[in-house]
Amino acid sequence: MTVTTQTVTVTVDGVVVEVPVGTLIIRVAEMLGTAIPRFCDHPLLDPVAACRMCLVEIEGQGKPQPSCAVTVSDGMVIKTQHTSEMAEKAQAGVMEFLLINHPLDCPICDKGGECPLQNQAMTNGQGETRFEGTKRTFPKPINVSAQVLLDRERCVSCARCTRFADQIAGDPFIELLERGAKQQVGTSEDQPFDSYFSGNTIQICPVGALTSAKYRFRSRPFDLVSTPTACEHCASGCAIRTDVRRSTVMRRLAWDAPEVNEEWNCDKGRFAFPYTNEGRLTHPLVRDDAGNLVPASWPEALRVAAAGLAKTGKATAVLSGGRVTVEDAQSYASFARDVLGTNDVDFRARAVSNEETAFLANHVANKYLDVTYGDLEAAKSVLLVSFEPEDESPIVFLRLRKAALSGTTKVYSVAPYTSAGLAKMKGTLLVAGPREEVSVIASAANHLSSESVVLVGERAAQTPGALTAVADLVAKTGAKLAWIPRRAGDRGALDAGLLPIDGLNTSEIVAATGSAIKGLVVGGVSPEDVDGDLMTAIANAQFVVSLETRHTDITAEADVVLPVAVVTEKAGTFRNWEGRDRSFGAVVPTPGALSDADVLAELARELGKTISVTDFWATATKPSLKAEAADIEAVGSGQAVLSTWRHLLDKGSLQSGEPYLAATARVAVVRVSPATAQQLNLIDGGTATVECCGNSASAPLIVTAGMADGVVWLPANSEGSSLNLPSGCVVTVSLGGN
């Protein structure tokens with residue numbers, strides 16, 4: 001089918017051009033390389049014509065018009081400030097009004113040096129002011145949130161921030177209050193700014209009105225060295241820009257990547273970088289004869305590590321974690337199979353299953369760009385299974401919300417309740433507790449077709465039969481399928497072969513350590529993430545080698561600790577959920593900083609072997625996918641089935657050292673349905689305690705209409721909620737705190 005785009009012919013500054021119907025004047029000028037000054041205009045936001053800086057002359061109209069809000073018509077003749085005295089005078093007048101009350105604090109303003117107002121005051125303003133009165137001032141700054149600070153006198157009322165929050169993120173923000181000369185930005189007392197995307201309002205502010213609490217007054221833009229990089233915090237694959245001053249990372253900004261994150265990123269990706277300097281390991285450590293970890297040289301540490309691994313040999317398991325790049329993952333896979341001769345290798349530091357192993361091997365591994373962000377926006381419907389985009393892959397959330405609000409895509413979610421993110425996407429809940437997910441997934445066929453996409457999250461591994469049901473669903477409907485893990489390194493690790501084909505998975509490795517498993521090589525794994533007692537396994541192991549960036553509970557118990565580079569110190573590639581490679585270079589080149597791949601290569605040489613990069617899946621025998629039998633525990637009096645996932649901002653180790661970001665984390669709550677609350681004698685607004693296996697967590701209770709009965713939900717790994725159990729567990733729920 002051929003689609004014909006209707007066009008019109010217009011003239012801009014004497015240049016005749018043919019453009020699609022509906023094109024804004026300011027976009028036509030951009031096509032021709034003509035710069036029209038503007039503040040409120042942004043290509044990803046709806047036009048509002050708030051600042052009036054982009055005025056142009058349109059032949060036949062008596063007064064200048066805002067080029068950011070007027071679409072072209074056939075035969076239209078437009079004159080910009082370059083050819084029209086009317087337009088030039090109008091723009092100069094607007095600039096004069098904007099500067100009447102604007103403070104002359106460029107030397108201390110964070111925006112100074114990269115400020116559109118500064119630039120356009122020079123190019124389109126007057127050389128001196130006629131205003132002789134006293135400039136308007138306000139107390140400052142106002143804490144819009146713990147992370148975002150507002151200087152009201154700098155605001156030019158462009159409404160970029162409010163439009164972003166409303167149109168893109170769907171979150172409440174500040175509003176423009178009063179009118180005329182009294183207009184100012186204000187906050188709502190009963191609706192605070194609660195957004196995972198607040199940092200974008202700082203970046204798109206065309207003046208220094210919105211600033212970052214972390215970055216404020218810390219550097220000048222012209223003192224920074226900027227490097228395009230890739231975000232390491234989730235599988236979205238955001239392009240970002242990292243700014244460094246004197247070998248210290250000062251800030252991160254969203255980078256323009258239309259195919260992935262457009263011009264946005266989440267606050268975690270923007271602000272969570274101080275961890276790179278927190279508690280860093282600066283030299284190798286080995287355990288001496290007295291049982292103490294002591295500093296060692298690299299040659300000594302590698303020799304001790306090689307000797308220990310030579311003894312454990314094929315009885316050594318490798319757990320790589322989710323922080324690794326594609327290059328690191330390939331080295332871990334080769335080190336395990338080619339050097340140690342073991343298939344007991346797994347990148348999944350979480351609850352896992354052999355059903356998931358088969359699902360990933362058959363339906364995800366080495367399938368590149370089968371589903372893209374563009375496909376999400378073009379899909380007739382999208383089904384979310386064990387996946388909460390706003391918390392687990394924020395850019396997927398933004399793209400889905402964009403598609404849903406445009407009317408092209410309908411979002412459905414198999415979940416226990418309608419989350420805030422699903423509501424912002426105007427999605428439909430297919431209500432299911434952990435024990436009803438399989439049947440609800442099967443019934444979702446009514447909402448899918450060959451023009452649909454199914455997005456399944458890593459949490460589906462916690463429900464026996466869920467992934468098999470997903471595979472059957474896409475086979476029946478012809479819908480496209482994509483798997484979206486939570487960590488940035490997971491997809492690359494899967495493609496590299498860091499999956500236990502003919503070997504033990506993470507949970508089995510933990511259980512077998514001390515018996516069938518004698519040694520462990522552990523890289524970037526947090527014990528609280530693993531389904532099982534990893535610290536007990538480490539204590540039971542004969543020999544443990546830890547590759548880590550900083551001191552952890554695991555390094556404290558390891559026999560050899562080999563320090564590796566953080567993401568800012570090395571070059572590499574993260575492969576996002578689409579299978580799209582996001583390469584990056586070293587931001588802060590550090591002498592002596594070695595990547596995981598570098599360290600493993602040296603360790604392999606010490607063992608008399610070499611690491612080779614091969615296509616593991618080209619020859620691997622993929623296990624057949626079949627549903628695992630569910631071990632259904634009875635639910636007794638005072639009990640419910642647990643449903644859980646992690647908030648985007650939680651107690652994760654990569655968020656340490658950033659108190660402003662931590663202060664914006666969502667408060668942990670306990671959720672139950674009205675019927676479950678009545679059954680368990682729980683009171684809305686009270687404190688509920690959830691307990692299992694000697695561990696408990698207490699948080700405010702929210703009785704949630706439309707939620708699955710017999711289910712209790714609370715976030716994992718959050719302040720006030722560190723139960724850290726997989727969904728499906730039977731827990732005791734009671735009124736009152738610990």
# chains A, B, ... in the order shown; residues from 1 in each chain; ligands from 1
>>> residues_around(residues="range 160-174 of chain A", least_positions_apart="2", cutoff="6 Å", atoms="only C-alpha atoms", output="ChimeraX atom specification")
/A:40,158,186-187,193,195,201,424
>>> select_by_dssp(residues="range 282-312 of chain A", states="alpha helix (DSSP H)", output="list in words")
Trp298, Pro299, Glu300, Ala301, Leu302, Arg303, Val304, Ala305, Ala306, Ala307, Gly308, Leu309, Ala310, Lys311 and Thr312 of chain A
>>> residues_around(residues="Thr477 in chain A", least_positions_apart="3", cutoff="8 Å", atoms="only C-alpha atoms", output="list in words")
Ala445, Leu448, Ser449, Ser450, Leu473 and Val474 of chain A
>>> write_last_selection(atoms="all heavy atoms", output="PDB file, in the first residue's frame")
ATOM      1  N   ALA A 445      -5.620 -13.757  24.740  1.00  0.00           N
ATOM      2  CA  ALA A 445      -5.640 -13.893  23.280  1.00  0.00           C
ATOM      3  C   ALA A 445      -6.741 -13.048  22.653  1.00  0.00           C
ATOM      4  O   ALA A 445      -6.629 -12.618  21.492  1.00  0.00           O
ATOM      5  CB  ALA A 445      -5.825 -15.365  22.893  1.00  0.00           C
ATOM      6  N   LEU A 448      -5.333  -9.683  21.428  1.00  0.00           N
ATOM      7  CA  LEU A 448      -4.124  -9.667  20.607  1.00  0.00           C
ATOM      8  C   LEU A 448      -4.409 -10.080  19.173  1.00  0.00           C
ATOM      9  O   LEU A 448      -5.396 -10.752  18.877  1.00  0.00           O
ATOM     10  CB  LEU A 448      -3.069 -10.607  21.201  1.00  0.00           C
ATOM     11  CG  LEU A 448      -2.629 -10.348  22.643  1.00  0.00           C
ATOM     12  CD1 LEU A 448      -1.577 -11.371  23.053  1.00  0.00           C
ATOM     13  CD2 LEU A 448      -2.091  -8.942  22.810  1.00  0.00           C
ATOM     14  N   SER A 449      -3.494  -9.665  18.300  1.00  0.00           N
ATOM     15  CA  SER A 449      -3.526 -10.056  16.890  1.00  0.00           C
ATOM     16  C   SER A 449      -2.096 -10.023  16.381  1.00  0.00           C
ATOM     17  O   SER A 449      -1.152  -9.803  17.141  1.00  0.00           O
ATOM     18  CB  SER A 449      -4.407  -9.090  16.085  1.00  0.00           C
ATOM     19  OG  SER A 449      -3.801  -7.799  16.033  1.00  0.00           O
ATOM     20  N   SER A 450      -1.931 -10.211  15.081  1.00  0.00           N
ATOM     21  CA  SER A 450      -0.593 -10.154  14.500  1.00  0.00           C
ATOM     22  C   SER A 450      -0.016  -8.751  14.541  1.00  0.00           C
ATOM     23  O   SER A 450       1.170  -8.556  14.279  1.00  0.00           O
ATOM     24  CB  SER A 450      -0.628 -10.652  13.051  1.00  0.00           C
ATOM     25  OG  SER A 450      -1.515  -9.848  12.280  1.00  0.00           O
ATOM     26  N   LEU A 473       0.784 -18.284  23.727  1.00  0.00           N
ATOM     27  CA  LEU A 473      -0.061 -17.151  23.352  1.00  0.00           C
ATOM     28  C   LEU A 473       0.414 -16.488  22.065  1.00  0.00           C
ATOM     29  O   LEU A 473      -0.388 -16.211  21.167  1.00  0.00           O
ATOM     30  CB  LEU A 473      -0.075 -16.130  24.495  1.00  0.00           C
ATOM     31  CG  LEU A 473      -0.892 -14.852  24.264  1.00  0.00           C
ATOM     32  CD1 LEU A 473      -2.383 -15.176  24.174  1.00  0.00           C
ATOM     33  CD2 LEU A 473      -0.631 -13.844  25.388  1.00  0.00           C
ATOM     34  N   VAL A 474       1.705 -16.246  21.946  1.00  0.00           N
ATOM     35  CA  VAL A 474       2.209 -15.586  20.739  1.00  0.00           C
ATOM     36  C   VAL A 474       2.127 -16.518  19.537  1.00  0.00           C
ATOM     37  O   VAL A 474       1.923 -16.071  18.402  1.00  0.00           O
ATOM     38  CB  VAL A 474       3.642 -15.056  20.948  1.00  0.00           C
ATOM     39  CG1 VAL A 474       3.675 -13.994  22.034  1.00  0.00           C
ATOM     40  CG2 VAL A 474       4.617 -16.174  21.292  1.00  0.00           C
TER      41      VAL A 474
END
>>> atom_distance(atom1="CA of Cys234 in chain A", atom2="CA of Ser526 in chain A")
15.7 Å
>>> atom_distance(atom1="CA of Val731 in chain A", atom2="CA of Ala630 in chain A")
17.1 Å
>>> atom_distance(atom1="CA of Ala404 in chain A", atom2="CA of Ala257 in chain A")
20.8 Å
>>> closest_residue(among="A:Glu658, A:Ala209, A:Ala181, A:Arg666", to="Arg152 in chain A", atoms="only C-alpha atoms")
A:Ala209
>>> residues_around(residues="Ile78 in chain A", least_positions_apart="3", cutoff="12 Å", atoms="only C-alpha atoms", output="ChimeraX atom specification")
/A:9-17,24-26,28-29,34,55-61,64-67,70-75,81-84,86-87
>>> closest_residue(among="A:Gly308, A:Pro726, A:Gly125, A:Gly313", to="Asn343 in chain A", atoms="only C-alpha atoms")
A:Gly313
>>> decode(residues="range 77-92 of chain A", atoms="all heavy atoms", output="mmCIF file, in the first residue's frame")
data_model
loop_
_atom_site.group_PDB
_atom_site.id
_atom_site.type_symbol
_atom_site.label_atom_id
_atom_site.label_comp_id
_atom_site.auth_asym_id
_atom_site.auth_seq_id
_atom_site.Cartn_x
_atom_site.Cartn_y
_atom_site.Cartn_z
ATOM 1 N N VAL A 77 3.368 33.200 2.339
ATOM 2 C CA VAL A 77 4.653 33.897 2.234
ATOM 3 C C VAL A 77 5.051 34.362 3.635
ATOM 4 O O VAL A 77 4.324 35.124 4.277
ATOM 5 C CB VAL A 77 4.574 35.099 1.278
ATOM 6 C CG1 VAL A 77 5.906 35.837 1.240
ATOM 7 C CG2 VAL A 77 4.182 34.631 -0.120
ATOM 8 N N ILE A 78 6.203 33.890 4.094
ATOM 9 C CA ILE A 78 6.651 34.119 5.466
ATOM 10 C C ILE A 78 7.979 34.867 5.433
ATOM 11 O O ILE A 78 8.867 34.567 4.630
ATOM 12 C CB ILE A 78 6.839 32.778 6.200
ATOM 13 C CG1 ILE A 78 5.536 31.965 6.160
ATOM 14 C CG2 ILE A 78 7.327 32.985 7.624
ATOM 15 C CD1 ILE A 78 5.750 30.480 6.255
ATOM 16 N N LYS A 79 8.086 35.846 6.329
ATOM 17 C CA LYS A 79 9.335 36.571 6.479
ATOM 18 C C LYS A 79 9.782 36.490 7.938
ATOM 19 O O LYS A 79 9.031 36.835 8.840
ATOM 20 C CB LYS A 79 9.175 38.030 6.065
ATOM 21 C CG LYS A 79 8.828 38.228 4.590
ATOM 22 C CD LYS A 79 8.693 39.701 4.253
ATOM 23 C CE LYS A 79 8.353 39.911 2.779
ATOM 24 N NZ LYS A 79 8.199 41.354 2.442
ATOM 25 N N THR A 80 10.999 36.009 8.137
ATOM 26 C CA THR A 80 11.552 35.942 9.488
ATOM 27 C C THR A 80 12.257 37.248 9.815
ATOM 28 O O THR A 80 12.256 38.195 9.015
ATOM 29 C CB THR A 80 12.535 34.776 9.617
ATOM 30 O OG1 THR A 80 13.740 35.086 8.884
ATOM 31 C CG2 THR A 80 11.938 33.490 9.068
ATOM 32 N N GLN A 81 12.895 37.278 10.957
ATOM 33 C CA GLN A 81 13.603 38.495 11.381
ATOM 34 C C GLN A 81 14.737 38.862 10.438
ATOM 35 O O GLN A 81 15.232 39.997 10.458
ATOM 36 C CB GLN A 81 14.140 38.321 12.809
ATOM 37 C CG GLN A 81 15.353 37.397 12.955
ATOM 38 C CD GLN A 81 14.966 35.927 13.027
ATOM 39 O OE1 GLN A 81 13.815 35.564 12.823
ATOM 40 N NE2 GLN A 81 15.943 35.073 13.323
ATOM 41 N N HIS A 82 15.141 37.925 9.578
ATOM 42 C CA HIS A 82 16.237 38.190 8.650
ATOM 43 C C HIS A 82 15.815 39.071 7.479
ATOM 44 O O HIS A 82 16.655 39.747 6.869
ATOM 45 C CB HIS A 82 16.802 36.867 8.123
ATOM 46 C CG HIS A 82 17.356 35.983 9.191
ATOM 47 N ND1 HIS A 82 18.498 36.277 9.898
ATOM 48 C CD2 HIS A 82 16.907 34.801 9.700
ATOM 49 C CE1 HIS A 82 18.733 35.314 10.779
ATOM 50 N NE2 HIS A 82 17.781 34.411 10.680
ATOM 51 N N THR A 83 14.520 39.064 7.152
ATOM 52 C CA THR A 83 14.043 39.841 5.997
ATOM 53 C C THR A 83 12.889 40.772 6.332
ATOM 54 O O THR A 83 12.434 41.515 5.468
ATOM 55 C CB THR A 83 13.587 38.885 4.873
ATOM 56 O OG1 THR A 83 12.529 38.052 5.360
ATOM 57 C CG2 THR A 83 14.743 38.025 4.383
ATOM 58 N N SER A 84 12.417 40.734 7.575
ATOM 59 C CA SER A 84 11.258 41.542 7.946
ATOM 60 C C SER A 84 11.585 42.471 9.108
ATOM 61 O O SER A 84 11.973 42.010 10.191
ATOM 62 C CB SER A 84 10.082 40.640 8.328
ATOM 63 O OG SER A 84 9.059 41.376 8.955
ATOM 64 N N GLU A 85 11.389 43.752 8.914
ATOM 65 C CA GLU A 85 11.584 44.720 9.992
ATOM 66 C C GLU A 85 10.533 44.514 11.077
ATOM 67 O O GLU A 85 10.816 44.653 12.268
ATOM 68 C CB GLU A 85 11.497 46.142 9.434
ATOM 69 C CG GLU A 85 11.762 47.220 10.484
ATOM 70 C CD GLU A 85 11.680 48.621 9.905
ATOM 71 O OE1 GLU A 85 11.598 48.754 8.671
ATOM 72 O OE2 GLU A 85 11.697 49.586 10.700
ATOM 73 N N MET A 86 9.313 44.137 10.656
ATOM 74 C CA MET A 86 8.250 43.888 11.634
ATOM 75 C C MET A 86 8.630 42.747 12.568
ATOM 76 O O MET A 86 8.492 42.855 13.802
ATOM 77 C CB MET A 86 6.939 43.532 10.916
ATOM 78 C CG MET A 86 5.801 43.127 11.870
ATOM 79 S SD MET A 86 4.432 42.286 11.043
ATOM 80 C CE MET A 86 3.689 43.644 10.155
ATOM 81 N N ALA A 87 9.113 41.633 12.000
ATOM 82 C CA ALA A 87 9.484 40.485 12.814
ATOM 83 C C ALA A 87 10.672 40.797 13.708
ATOM 84 O O ALA A 87 10.696 40.430 14.895
ATOM 85 C CB ALA A 87 9.806 39.285 11.919
ATOM 86 N N GLU A 88 11.647 41.491 13.165
ATOM 87 C CA GLU A 88 12.833 41.829 13.949
ATOM 88 C C GLU A 88 12.474 42.721 15.133
ATOM 89 O O GLU A 88 12.919 42.503 16.265
ATOM 90 C CB GLU A 88 13.864 42.530 13.066
ATOM 91 C CG GLU A 88 15.151 42.882 13.789
ATOM 92 C CD GLU A 88 16.128 43.630 12.895
ATOM 93 O OE1 GLU A 88 15.684 44.269 11.923
ATOM 94 O OE2 GLU A 88 17.341 43.580 13.193
ATOM 95 N N LYS A 89 11.630 43.722 14.885
ATOM 96 C CA LYS A 89 11.221 44.638 15.952
ATOM 97 C C LYS A 89 10.375 43.916 16.994
ATOM 98 O O LYS A 89 10.512 44.147 18.204
ATOM 99 C CB LYS A 89 10.446 45.808 15.352
ATOM 100 C CG LYS A 89 10.070 46.882 16.355
ATOM 101 C CD LYS A 89 9.379 48.050 15.671
ATOM 102 C CE LYS A 89 9.002 49.120 16.682
ATOM 103 N NZ LYS A 89 8.313 50.281 16.033
ATOM 104 N N ALA A 90 9.515 43.012 16.541
ATOM 105 C CA ALA A 90 8.656 42.271 17.472
ATOM 106 C C ALA A 90 9.491 41.378 18.385
ATOM 107 O O ALA A 90 9.249 41.308 19.596
ATOM 108 C CB ALA A 90 7.652 41.430 16.691
ATOM 109 N N GLN A 91 10.473 40.693 17.813
ATOM 110 C CA GLN A 91 11.318 39.822 18.629
ATOM 111 C C GLN A 91 12.149 40.629 19.623
ATOM 112 O O GLN A 91 12.311 40.222 20.785
ATOM 113 C CB GLN A 91 12.233 38.988 17.722
ATOM 114 C CG GLN A 91 11.488 37.950 16.902
ATOM 115 C CD GLN A 91 12.388 37.204 15.937
ATOM 116 O OE1 GLN A 91 13.610 37.378 15.957
ATOM 117 N NE2 GLN A 91 11.799 36.386 15.076
ATOM 118 N N ALA A 92 12.653 41.762 19.193
ATOM 119 C CA ALA A 92 13.424 42.614 20.104
ATOM 120 C C ALA A 92 12.548 43.119 21.243
ATOM 121 O O ALA A 92 12.988 43.210 22.396
ATOM 122 C CB ALA A 92 14.031 43.785 19.341
#
